[in-house]
$ cat structure_38.pdb   # PDB, C-alpha atoms, pLDDT in the B column
ATOM      1  CA  GLU A 208       9.051  -9.412 -12.909  1.00 49.00           C
ATOM      2  CA  THR A 209       6.675  -6.465 -12.754  1.00 62.00           C
ATOM      3  CA  GLY A 210       7.150  -5.709  -9.046  1.00 88.00           C
ATOM      4  CA  VAL A 211       4.404  -4.567  -6.706  1.00 95.00           C
ATOM      5  CA  THR A 212       1.958  -2.049  -8.121  1.00 96.00           C
ATOM      6  CA  GLN A 213      -0.280   0.130  -5.978  1.00 97.00           C
ATOM      7  CA  SER A 214      -3.234   2.272  -7.022  1.00 97.00           C
ATOM      8  CA  PRO A 215      -4.074   5.037  -6.878  1.00 97.00           C
ATOM      9  CA  THR A 216      -0.807   6.881  -6.249  1.00 97.00           C
ATOM     10  CA  HIS A 217      -2.544   9.813  -4.576  1.00 97.00           C
ATOM     11  CA  LEU A 218      -5.979  10.220  -3.049  1.00 97.00           C
ATOM     12  CA  ILE A 219      -7.844  12.929  -1.156  1.00 98.00           C
ATOM     13  CA  LYS A 220     -10.802  11.966   1.021  1.00 98.00           C
ATOM     14  CA  THR A 221     -13.061  13.738   3.494  1.00 98.00           C
ATOM     15  CA  ARG A 222     -13.186  12.815   7.173  1.00 98.00           C
ATOM     16  CA  GLY A 223     -15.815  10.122   7.785  1.00 98.00           C
ATOM     17  CA  GLN A 224     -15.596   8.650   4.293  1.00 98.00           C
ATOM     18  CA  GLN A 225     -14.414   5.168   3.373  1.00 98.00           C
ATOM     19  CA  VAL A 226     -11.468   4.348   1.114  1.00 98.00           C
ATOM     20  CA  THR A 227     -10.163   1.268  -0.716  1.00 98.00           C
ATOM     21  CA  LEU A 228      -6.518   1.019  -1.719  1.00 98.00           C
ATOM     22  CA  ARG A 229      -5.337  -1.640  -4.138  1.00 98.00           C
ATOM     23  CA  CYS A 230      -2.169  -3.645  -4.564  1.00 97.00           C
ATOM     24  CA  SER A 231      -1.083  -6.036  -7.274  1.00 96.00           C
ATOM     25  CA  SER A 232       1.715  -8.411  -6.308  1.00 93.00           C
ATOM     26  CA  GLN A 233       4.000 -10.587  -8.404  1.00 89.00           C
ATOM     27  CA  SER A 234       2.867 -14.053  -9.397  1.00 87.00           C
ATOM     28  CA  GLY A 235       3.528 -16.612  -6.676  1.00 89.00           C
ATOM     29  CA  HIS A 236       3.760 -14.014  -3.894  1.00 89.00           C
ATOM     30  CA  ASN A 237       1.257 -15.586  -1.518  1.00 89.00           C
ATOM     31  CA  THR A 238       2.025 -13.314   1.440  1.00 92.00           C
ATOM     32  CA  VAL A 239       1.070  -9.652   1.442  1.00 94.00           C
ATOM     33  CA  SER A 240       1.426  -7.040   4.173  1.00 95.00           C
ATOM     34  CA  TRP A 241       0.195  -3.491   4.494  1.00 97.00           C
ATOM     35  CA  TYR A 242       2.002  -0.654   6.256  1.00 97.00           C
ATOM     36  CA  GLN A 243       1.148   2.921   7.184  1.00 98.00           C
ATOM     37  CA  GLN A 244       3.920   5.519   7.030  1.00 97.00           C
ATOM     38  CA  ALA A 245       3.332   8.950   8.529  1.00 96.00           C
ATOM     39  CA  LEU A 246       5.513  11.798   7.340  1.00 93.00           C
ATOM     40  CA  GLY A 247       9.041  11.562   8.743  1.00 91.00           C
ATOM     41  CA  GLN A 248       8.498   8.188  10.410  1.00 93.00           C
ATOM     42  CA  GLY A 249       9.188   4.562   9.608  1.00 94.00           C
ATOM     43  CA  PRO A 250       6.403   2.349   8.259  1.00 96.00           C
ATOM     44  CA  GLN A 251       4.042   0.782  10.816  1.00 96.00           C
ATOM     45  CA  PHE A 252       2.695  -2.742  10.276  1.00 94.00           C
ATOM     46  CA  ILE A 253      -1.088  -2.870   9.781  1.00 96.00           C
ATOM     47  CA  PHE A 254      -1.724  -6.528   8.943  1.00 95.00           C
ATOM     48  CA  GLN A 255      -0.619  -9.465   6.844  1.00 94.00           C
ATOM     49  CA  TYR A 256      -2.465 -11.956   4.643  1.00 94.00           C
ATOM     50  CA  TYR A 257      -1.274 -15.408   3.732  1.00 91.00           C
ATOM     51  CA  ARG A 258      -3.232 -17.455   1.218  1.00 90.00           C
ATOM     52  CA  GLU A 259      -6.216 -15.112   1.574  1.00 92.00           C
ATOM     53  CA  GLU A 260      -6.387 -15.356   5.381  1.00 93.00           C
ATOM     54  CA  GLU A 261      -5.289 -12.652   7.821  1.00 93.00           C
ATOM     55  CA  ASN A 262      -2.465 -14.107   9.920  1.00 89.00           C
ATOM     56  CA  GLY A 263      -1.034 -11.112  11.745  1.00 90.00           C
ATOM     57  CA  ARG A 264      -2.203  -7.680  12.798  1.00 93.00           C
ATOM     58  CA  GLY A 265      -0.541  -4.609  14.226  1.00 93.00           C
ATOM     59  CA  ASN A 266      -1.983  -2.027  16.586  1.00 94.00           C
ATOM     60  CA  PHE A 267      -4.682  -0.721  14.264  1.00 97.00           C
ATOM     61  CA  PRO A 268      -8.450  -0.533  14.938  1.00 97.00           C
ATOM     62  CA  PRO A 269     -10.980  -2.803  13.191  1.00 97.00           C
ATOM     63  CA  ARG A 270     -11.971  -0.041  10.775  1.00 98.00           C
ATOM     64  CA  PHE A 271      -8.771  -1.032   8.957  1.00 98.00           C
ATOM     65  CA  SER A 272      -9.557  -4.229   7.066  1.00 97.00           C
ATOM     66  CA  GLY A 273      -8.224  -6.077   4.091  1.00 97.00           C
ATOM     67  CA  LEU A 274      -8.693  -8.739   1.500  1.00 97.00           C
ATOM     68  CA  GLN A 275      -6.325 -10.905  -0.507  1.00 96.00           C
ATOM     69  CA  PHE A 276      -7.428 -12.499  -3.771  1.00 95.00           C
ATOM     70  CA  PRO A 277      -6.299 -15.671  -5.575  1.00 93.00           C
ATOM     71  CA  ASN A 278      -4.724 -13.608  -8.365  1.00 91.00           C
ATOM     72  CA  TYR A 279      -2.160 -12.149  -5.877  1.00 89.00           C
ATOM     73  CA  SER A 280      -3.936  -8.809  -5.640  1.00 94.00           C
ATOM     74  CA  SER A 281      -5.103  -7.330  -2.360  1.00 97.00           C
ATOM     75  CA  GLU A 282      -7.049  -4.442  -0.885  1.00 98.00           C
ATOM     76  CA  LEU A 283      -6.811  -2.248   2.179  1.00 98.00           C
ATOM     77  CA  ASN A 284     -10.120  -0.751   3.312  1.00 98.00           C
ATOM     78  CA  VAL A 285     -10.388   2.038   5.844  1.00 98.00           C
ATOM     79  CA  ASN A 286     -13.789   3.086   7.179  1.00 98.00           C
ATOM     80  CA  ALA A 287     -14.751   6.291   8.989  1.00 98.00           C
ATOM     81  CA  LEU A 288     -11.621   8.128   7.935  1.00 98.00           C
ATOM     82  CA  GLU A 289      -9.923  10.380  10.474  1.00 98.00           C
ATOM     83  CA  LEU A 290      -7.484  13.220   9.864  1.00 98.00           C
ATOM     84  CA  ASP A 291      -4.697  11.113  11.441  1.00 97.00           C
ATOM     85  CA  ASP A 292      -5.177   8.483   8.734  1.00 98.00           C
ATOM     86  CA  SER A 293      -3.370  10.815   6.348  1.00 98.00           C
ATOM     87  CA  ALA A 294      -0.223   8.893   5.436  1.00 98.00           C
ATOM     88  CA  LEU A 295       1.586   6.860   2.820  1.00 98.00           C
ATOM     89  CA  TYR A 296       0.157   3.323   2.631  1.00 98.00           C
ATOM     90  CA  LEU A 297       2.573   0.664   1.496  1.00 98.00           C
ATOM     91  CA  CYS A 298       1.898  -2.830   0.256  1.00 97.00           C
ATOM     92  CA  ALA A 299       4.608  -5.499   0.468  1.00 95.00           C
ATOM     93  CA  SER A 300       4.631  -9.071  -0.787  1.00 93.00           C
ATOM     94  CA  SER A 301       6.916 -12.071  -0.567  1.00 90.00           C
ATOM     95  CA  HIS A 302       7.383 -15.379  -2.331  1.00 88.00           C
ATOM     96  CA  PRO A 303       7.513 -18.600  -0.282  1.00 85.00           C
ATOM     97  CA  ASP A 304      10.979 -19.335  -1.687  1.00 84.00           C
ATOM     98  CA  ARG A 305      12.235 -16.027  -0.337  1.00 82.00           C
ATOM     99  CA  PRO A 306      10.233 -15.261   2.829  1.00 78.00           C
ATOM    100  CA  TYR A 307      12.917 -12.977   4.237  1.00 81.00           C
ATOM    101  CA  GLY A 308      12.821 -10.410   1.446  1.00 86.00           C
ATOM    102  CA  TYR A 309       9.696  -8.356   1.013  1.00 92.00           C
ATOM    103  CA  THR A 310       9.081  -6.394  -2.176  1.00 94.00           C
ATOM    104  CA  PHE A 311       7.355  -3.090  -1.519  1.00 96.00           C
ATOM    105  CA  GLY A 312       5.249  -0.969  -3.797  1.00 96.00           C
ATOM    106  CA  SER A 313       5.759   2.793  -4.043  1.00 97.00           C
ATOM    107  CA  GLY A 314       2.658   3.404  -1.977  1.00 97.00           C
ATOM    108  CA  THR A 315      -0.564   5.382  -2.048  1.00 98.00           C
ATOM    109  CA  ARG A 316      -0.481   8.863  -0.513  1.00 98.00           C
ATOM    110  CA  LEU A 317      -3.792   9.363   1.295  1.00 98.00           C
ATOM    111  CA  THR A 318      -4.802  12.815   2.484  1.00 98.00           C
ATOM    112  CA  VAL A 319      -7.866  13.168   4.716  1.00 98.00           C
ATOM    113  CA  VAL A 320      -9.350  16.658   4.921  1.00 98.00           C
TER     114      VAL A 320
ATOM    115  CA  ASP B 239       9.749  -7.266  20.346  1.00 60.00           C
ATOM    116  CA  ALA B 240      13.439  -6.428  20.570  1.00 65.00           C
ATOM    117  CA  LYS B 241      14.289  -2.901  19.511  1.00 89.00           C
ATOM    118  CA  THR B 242      17.138  -1.386  17.524  1.00 94.00           C
ATOM    119  CA  THR B 243      18.985   1.917  17.918  1.00 96.00           C
ATOM    120  CA  GLN B 244      20.477   3.767  14.962  1.00 97.00           C
ATOM    121  CA  PRO B 245      21.995   7.228  14.484  1.00 97.00           C
ATOM    122  CA  ASN B 246      19.583   9.739  13.000  1.00 96.00           C
ATOM    123  CA  SER B 247      21.835  10.634  10.090  1.00 97.00           C
ATOM    124  CA  MET B 248      25.229  10.033   8.512  1.00 97.00           C
ATOM    125  CA  GLU B 249      27.134  11.798   5.766  1.00 96.00           C
ATOM    126  CA  SER B 250      29.546  10.314   3.277  1.00 95.00           C
ATOM    127  CA  ASN B 251      31.473  11.387   0.217  1.00 96.00           C
ATOM    128  CA  GLU B 252      30.785   9.682  -3.048  1.00 96.00           C
ATOM    129  CA  GLU B 253      33.022   6.661  -3.772  1.00 96.00           C
ATOM    130  CA  GLU B 254      33.893   6.242  -0.076  1.00 96.00           C
ATOM    131  CA  PRO B 255      32.693   3.419   2.200  1.00 95.00           C
ATOM    132  CA  VAL B 256      29.791   3.974   4.592  1.00 97.00           C
ATOM    133  CA  HIS B 257      29.503   2.102   7.880  1.00 98.00           C
ATOM    134  CA  LEU B 258      26.013   2.214   9.382  1.00 98.00           C
ATOM    135  CA  PRO B 259      25.847   1.031  12.992  1.00 98.00           C
ATOM    136  CA  CYS B 260      22.886  -0.594  14.696  1.00 97.00           C
ATOM    137  CA  ASN B 261      22.594  -1.535  18.366  1.00 97.00           C
ATOM    138  CA  HIS B 262      20.250  -4.323  19.422  1.00 95.00           C
ATOM    139  CA  SER B 263      21.265  -5.248  22.953  1.00 94.00           C
ATOM    140  CA  THR B 264      18.035  -7.188  23.685  1.00 92.00           C
ATOM    141  CA  ILE B 265      18.268  -9.419  20.626  1.00 93.00           C
ATOM    142  CA  SER B 266      17.128 -13.008  21.172  1.00 90.00           C
ATOM    143  CA  GLY B 267      18.782 -16.119  19.819  1.00 89.00           C
ATOM    144  CA  THR B 268      16.213 -16.582  17.064  1.00 87.00           C
ATOM    145  CA  ASP B 269      16.164 -12.969  15.836  1.00 91.00           C
ATOM    146  CA  TYR B 270      17.517 -12.322  12.378  1.00 92.00           C
ATOM    147  CA  ILE B 271      19.023  -8.894  11.625  1.00 94.00           C
ATOM    148  CA  HIS B 272      17.503  -7.346   8.514  1.00 95.00           C
ATOM    149  CA  TRP B 273      18.329  -4.146   6.676  1.00 97.00           C
ATOM    150  CA  TYR B 274      16.009  -2.302   4.363  1.00 97.00           C
ATOM    151  CA  ARG B 275      16.472   1.083   2.735  1.00 97.00           C
ATOM    152  CA  GLN B 276      13.966   3.607   1.455  1.00 97.00           C
ATOM    153  CA  LEU B 277      14.878   5.934  -1.370  1.00 96.00           C
ATOM    154  CA  PRO B 278      12.933   9.184  -1.745  1.00 93.00           C
ATOM    155  CA  SER B 279       9.370   8.673  -3.003  1.00 91.00           C
ATOM    156  CA  GLN B 280       9.719   4.888  -3.004  1.00 94.00           C
ATOM    157  CA  GLY B 281       8.777   2.000  -0.767  1.00 96.00           C
ATOM    158  CA  PRO B 282      11.432   0.249   1.328  1.00 96.00           C
ATOM    159  CA  GLU B 283      13.817  -2.098  -0.445  1.00 95.00           C
ATOM    160  CA  TYR B 284      15.390  -5.252   1.031  1.00 94.00           C
ATOM    161  CA  VAL B 285      19.165  -4.910   1.390  1.00 96.00           C
ATOM    162  CA  ILE B 286      20.541  -7.845   3.375  1.00 96.00           C
ATOM    163  CA  HIS B 287      19.945 -10.055   6.411  1.00 94.00           C
ATOM    164  CA  GLY B 288      21.906 -12.359   8.681  1.00 94.00           C
ATOM    165  CA  LEU B 289      21.814 -14.355  11.907  1.00 93.00           C
ATOM    166  CA  THR B 290      25.336 -14.827  13.269  1.00 93.00           C
ATOM    167  CA  SER B 291      27.880 -14.830  10.461  1.00 92.00           C
ATOM    168  CA  ASN B 292      28.896 -11.871   8.336  1.00 94.00           C
ATOM    169  CA  VAL B 293      27.043 -11.709   5.030  1.00 95.00           C
ATOM    170  CA  ASN B 294      27.836 -10.198   1.645  1.00 95.00           C
ATOM    171  CA  ASN B 295      25.690  -9.563  -1.396  1.00 94.00           C
ATOM    172  CA  ARG B 296      25.826  -7.312  -4.431  1.00 92.00           C
ATOM    173  CA  MET B 297      24.370  -4.375  -2.503  1.00 92.00           C
ATOM    174  CA  ALA B 298      26.228  -4.411   0.801  1.00 96.00           C
ATOM    175  CA  SER B 299      27.944  -6.350   3.569  1.00 97.00           C
ATOM    176  CA  LEU B 300      26.607  -7.052   7.034  1.00 98.00           C
ATOM    177  CA  ALA B 301      29.055  -7.404   9.908  1.00 98.00           C
ATOM    178  CA  ILE B 302      27.558  -8.907  13.070  1.00 97.00           C
ATOM    179  CA  ALA B 303      29.275  -8.618  16.444  1.00 97.00           C
ATOM    180  CA  GLU B 304      30.237 -11.852  18.162  1.00 96.00           C
ATOM    181  CA  ASP B 305      27.736 -11.225  20.985  1.00 96.00           C
ATOM    182  CA  ARG B 306      25.117 -10.171  18.377  1.00 96.00           C
ATOM    183  CA  LYS B 307      24.272  -7.044  20.355  1.00 96.00           C
ATOM    184  CA  SER B 308      25.275  -4.824  17.455  1.00 97.00           C
ATOM    185  CA  SER B 309      25.787  -4.955  13.710  1.00 97.00           C
ATOM    186  CA  THR B 310      27.098  -2.743  10.927  1.00 98.00           C
ATOM    187  CA  LEU B 311      25.850  -2.357   7.395  1.00 98.00           C
ATOM    188  CA  ILE B 312      28.706  -1.564   5.039  1.00 98.00           C
ATOM    189  CA  LEU B 313      28.234   0.137   1.695  1.00 96.00           C
ATOM    190  CA  HIS B 314      31.620  -0.338   0.080  1.00 94.00           C
ATOM    191  CA  ARG B 315      31.569   2.596  -2.336  1.00 94.00           C
ATOM    192  CA  ALA B 316      28.773   5.070  -1.809  1.00 95.00           C
ATOM    193  CA  THR B 317      27.066   6.504  -4.857  1.00 96.00           C
ATOM    194  CA  LEU B 318      24.511   9.300  -5.043  1.00 96.00           C
ATOM    195  CA  ARG B 319      21.894   6.607  -5.563  1.00 95.00           C
ATOM    196  CA  ASP B 320      22.644   5.244  -2.084  1.00 96.00           C
ATOM    197  CA  ALA B 321      21.187   8.353  -0.462  1.00 97.00           C
ATOM    198  CA  ALA B 322      18.248   6.928   1.477  1.00 97.00           C
ATOM    199  CA  VAL B 323      16.889   6.085   4.927  1.00 98.00           C
ATOM    200  CA  TYR B 324      18.385   2.804   6.122  1.00 98.00           C
ATOM    201  CA  TYR B 325      16.414   0.681   8.578  1.00 97.00           C
ATOM    202  CA  CYS B 326      17.876  -1.996  10.854  1.00 96.00           C
ATOM    203  CA  ILE B 327      15.147  -4.468  11.863  1.00 94.00           C
ATOM    204  CA  LEU B 328      15.078  -7.560  14.075  1.00 91.00           C
ATOM    205  CA  ARG B 329      12.833 -10.312  12.891  1.00 87.00           C
ATOM    206  CA  ALA B 330      12.030 -13.576  14.688  1.00 80.00           C
ATOM    207  CA  THR B 331      11.900 -16.648  12.504  1.00 71.00           C
ATOM    208  CA  ASP B 332       8.314 -17.323  13.547  1.00 58.00           C
ATOM    209  CA  SER B 333       7.092 -13.883  12.482  1.00 57.00           C
ATOM    210  CA  TRP B 334       8.348 -13.495   8.964  1.00 61.00           C
ATOM    211  CA  GLY B 335       5.435 -11.196   8.211  1.00 67.00           C
ATOM    212  CA  LYS B 336       5.982  -8.310  10.543  1.00 81.00           C
ATOM    213  CA  LEU B 337       8.730  -5.789   9.946  1.00 88.00           C
ATOM    214  CA  GLN B 338       9.097  -3.410  12.890  1.00 88.00           C
ATOM    215  CA  PHE B 339      10.607  -0.246  11.440  1.00 92.00           C
ATOM    216  CA  GLY B 340      12.205   2.396  13.623  1.00 91.00           C
ATOM    217  CA  ALA B 341      13.150   5.889  12.463  1.00 92.00           C
ATOM    218  CA  GLY B 342      16.212   4.635  10.585  1.00 96.00           C
ATOM    219  CA  THR B 343      19.395   6.456   9.550  1.00 97.00           C
ATOM    220  CA  GLN B 344      19.256   9.107   6.848  1.00 97.00           C
ATOM    221  CA  VAL B 345      22.353   8.700   4.672  1.00 98.00           C
ATOM    222  CA  VAL B 346      23.488  11.778   2.768  1.00 97.00           C
ATOM    223  CA  VAL B 347      26.031  11.270  -0.024  1.00 97.00           C
ATOM    224  CA  THR B 348      27.887  14.296  -1.307  1.00 96.00           C
ATOM    225  CA  PRO B 349      29.686  14.396  -4.665  1.00 93.00           C
TER     226      PRO B 349
END
$ encode --input "structure_38.pdb" --output "structure tokens"
Amino acid sequence: ETGVTQSPTHLIKTRGQQVTLRCSSQSGHNTVSWYQQALGQGPQFIFQYYREEENGRGNFPPRFSGLQFPNYSSELNVNALELDDSALYLCASSHPDRPYGYTFGSGTRLTVV
Amino acid sequence: DAKTTQPNSMESNEEEPVHLPCNHSTISGTDYIHWYRQLPSQGPEYVIHGLTSNVNNRMASLAIAEDRKSSTLILHRATLRDAAVYYCILRATDSWGKLQFGAGTQVVVTP
């Protein structure tokens, strides 16, 4: 197993710009979730995709959107970046045989200046 | 969603057991108790989960109170690699997707 891979590892963007973060999950992991983790806090659930459809969303505005692809990769898109969007973004996936145990990537550190 | 309460931090000596408490007084009958941990510069890692009975795996043990209003994660012999933030999370069976993380407990292991 190769685990969950996220890219890039670090990113600096300017306020108002758009950003796309990428995640590559393990084969067969048909559920993927994205989380935002501010410094010193626990991760906050953004949304989840199951078989390429969004099936759960946390308290995040519509400028946070995502996609899941048939090859078990996914994207998190954030439009109109704000300074408060600076955080660690984590991708997590699970296999249908083990829905209770999510595998997380190491995250993308986004800094908005 | 039901919430959990954990101590901010705990210290342990290497090779000694660590007992991490978690209070969840508003837990519902269908809520599973999950534990994840997050090592420095890494994403969270699944540790263990249970519903009513105590559970053991290669990483830890989970002791659940009879009334299910509290639980304890037990690391039997702490190593330096166990230094991490440990999160206790309640998860309803119909919402496998969402993990509601709190602030967790920072475990410090001293040699």
$ closest_atom_pairs --input "structure_38.pdb" --of "chain A" --to "chain B" --cutoff "8 Å" --atoms "all atoms listed in the file" --output "Markdown table"
| residue | atom | partner | partner_atom | distance |
| --- | --- | --- | --- | --- |
| A:Thr238 | CA | B:Gly335 | CA | 7.9 |
| A:Ser240 | CA | B:Gly335 | CA | 7.0 |
| A:Gly247 | CA | B:Ala341 | CA | 7.9 |
| A:Gln248 | CA | B:Ala341 | CA | 5.6 |
| A:Gly249 | CA | B:Ala341 | CA | 5.1 |
| A:Pro250 | CA | B:Phe339 | CA | 5.9 |
| A:Gln251 | CA | B:Phe339 | CA | 6.7 |
| A:Phe252 | CA | B:Lys336 | CA | 6.5 |
| A:Gln255 | CA | B:Gly335 | CA | 6.4 |
| A:Gly263 | CA | B:Gly335 | CA | 7.4 |
| A:Leu297 | CA | B:Gly281 | CA | 6.7 |
| A:Pro306 | CA | B:Trp334 | CA | 6.7 |
| A:Tyr307 | CA | B:Trp334 | CA | 6.6 |
| A:Gly308 | CA | B:Tyr284 | CA | 5.8 |
| A:Tyr309 | CA | B:Tyr284 | CA | 6.5 |
| A:Thr310 | CA | B:Glu283 | CA | 6.6 |
| A:Phe311 | CA | B:Gly281 | CA | 5.3 |
| A:Gly312 | CA | B:Gly281 | CA | 5.5 |
| A:Ser313 | CA | B:Gly281 | CA | 4.5 |
| A:Gly314 | CA | B:Gly281 | CA | 6.4 |
$ resolve_selection --input "structure_38.pdb" --expression "the PyMOL selection byres ((chain A and resi 295) around 7)" --output "JSON, numbers by chain"
{"A": [243, 244, 245, 294, 296, 297, 314, 315, 316, 317]}
$ write_last_selection --input "structure_38.pdb" --atoms "C-alpha atoms" --output "tab-separated table (two decimals), in the frame of the given file"
chain	number	residue	atom	x	y	z
A	243	GLN	CA	1.15	2.92	7.18
A	244	GLN	CA	3.92	5.52	7.03
A	245	ALA	CA	3.33	8.95	8.53
A	294	ALA	CA	-0.22	8.89	5.44
A	296	TYR	CA	0.16	3.32	2.63
A	297	LEU	CA	2.57	0.66	1.50
A	314	GLY	CA	2.66	3.40	-1.98
A	315	THR	CA	-0.56	5.38	-2.05
A	316	ARG	CA	-0.48	8.86	-0.51
A	317	LEU	CA	-3.79	9.36	1.30
$ residues_near_point --input "structure_38.pdb" --point "(-3.3, -16.6, -5.3)" --cutoff "12 Å" --atoms "only C-alpha atoms" --output "PyMOL selection string"
chain A and resi 231-239+256-260+274-281+300+302
$ atom_distance --input "structure_38.pdb" --atom1 "CA of Gly288 (chain B)" --atom2 "CA of Ala316 (chain B)"
21.5 Å
$ residues_around --input "structure_38.pdb" --residues "Met248 (chain B)" --least-positions-apart "3" --cutoff "7 Å" --atoms "all atoms listed in the file" --output "short mmCIF file (atom, residue, chain, number, x, y, z; two decimals) with C-alpha atoms, in the frame of the given file"
data_model
loop_
_atom_site.label_atom_id
_atom_site.label_comp_id
_atom_site.auth_asym_id
_atom_site.auth_seq_id
_atom_site.Cartn_x
_atom_site.Cartn_y
_atom_site.Cartn_z
CA THR B 343 19.40 6.46 9.55
CA GLN B 344 19.26 9.11 6.85
CA VAL B 345 22.35 8.70 4.67
CA VAL B 346 23.49 11.78 2.77
#
$ resolve_selection --input "structure_38.pdb" --expression "the PyMOL selection byres ((chain B and resi 310-315) around 12)" --output "compact mmCIF listing (two decimals) with C-alpha atoms, in the frame of the given file"
# COMPACT_ATOMS: atom_id res chain seq x y z
CA THR B 243 18.98 1.92 17.92
CA GLN B 244 20.48 3.77 14.96
CA PRO B 245 22.00 7.23 14.48
CA SER B 250 29.55 10.31 3.28
CA ASN B 251 31.47 11.39 0.22
CA GLU B 252 30.78 9.68 -3.05
CA GLU B 253 33.02 6.66 -3.77
CA GLU B 254 33.89 6.24 -0.08
CA PRO B 255 32.69 3.42 2.20
CA VAL B 256 29.79 3.97 4.59
CA HIS B 257 29.50 2.10 7.88
CA LEU B 258 26.01 2.21 9.38
CA PRO B 259 25.85 1.03 12.99
CA CYS B 260 22.89 -0.59 14.70
CA ASN B 261 22.59 -1.54 18.37
CA HIS B 262 20.25 -4.32 19.42
CA ILE B 271 19.02 -8.89 11.62
CA HIS B 272 17.50 -7.35 8.51
CA TRP B 273 18.33 -4.15 6.68
CA TYR B 274 16.01 -2.30 4.36
CA ARG B 275 16.47 1.08 2.74
CA VAL B 285 19.16 -4.91 1.39
CA ILE B 286 20.54 -7.84 3.38
CA HIS B 287 19.94 -10.06 6.41
CA GLY B 288 21.91 -12.36 8.68
CA ASN B 292 28.90 -11.87 8.34
CA VAL B 293 27.04 -11.71 5.03
CA ASN B 294 27.84 -10.20 1.64
CA ASN B 295 25.69 -9.56 -1.40
CA ARG B 296 25.83 -7.31 -4.43
CA MET B 297 24.37 -4.38 -2.50
CA ALA B 298 26.23 -4.41 0.80
CA SER B 299 27.94 -6.35 3.57
CA LEU B 300 26.61 -7.05 7.03
CA ALA B 301 29.06 -7.40 9.91
CA ILE B 302 27.56 -8.91 13.07
CA ALA B 303 29.28 -8.62 16.44
CA ARG B 306 25.12 -10.17 18.38
CA LYS B 307 24.27 -7.04 20.36
CA SER B 308 25.28 -4.82 17.45
CA SER B 309 25.79 -4.96 13.71
CA ALA B 316 28.77 5.07 -1.81
CA THR B 317 27.07 6.50 -4.86
CA LEU B 318 24.51 9.30 -5.04
CA ARG B 319 21.89 6.61 -5.56
CA ASP B 320 22.64 5.24 -2.08
CA ALA B 321 21.19 8.35 -0.46
CA TYR B 324 18.39 2.80 6.12
CA TYR B 325 16.41 0.68 8.58
CA CYS B 326 17.88 -2.00 10.85
CA ILE B 327 15.15 -4.47 11.86
CA THR B 343 19.40 6.46 9.55
CA VAL B 345 22.35 8.70 4.67
CA VAL B 347 26.03 11.27 -0.02
$ atom_distance --input "structure_38.pdb" --atom1 "CA of Asn262 (chain A)" --atom2 "CA of Ala287 (chain A)"
23.8 Å
$ atom_distance --input "structure_38.pdb" --atom1 "CA of Thr212 (chain A)" --atom2 "CA of Gln225 (chain A)"
21.3 Å
$ closest_residue --input "structure_38.pdb" --among "B:Ala330, B:Ser266, B:Lys241, B:Glu249" --to "Asp305 (chain B)" --atoms "all atoms listed in the file"
B:Ser266
$ residues_around --input "structure_38.pdb" --residues "Gly273 (chain A)" --least-positions-apart "3" --cutoff "8 Å" --atoms "all atoms listed in the file" --output "list in words"
Ser281, Glu282, Leu283 and Asn284 of chain A
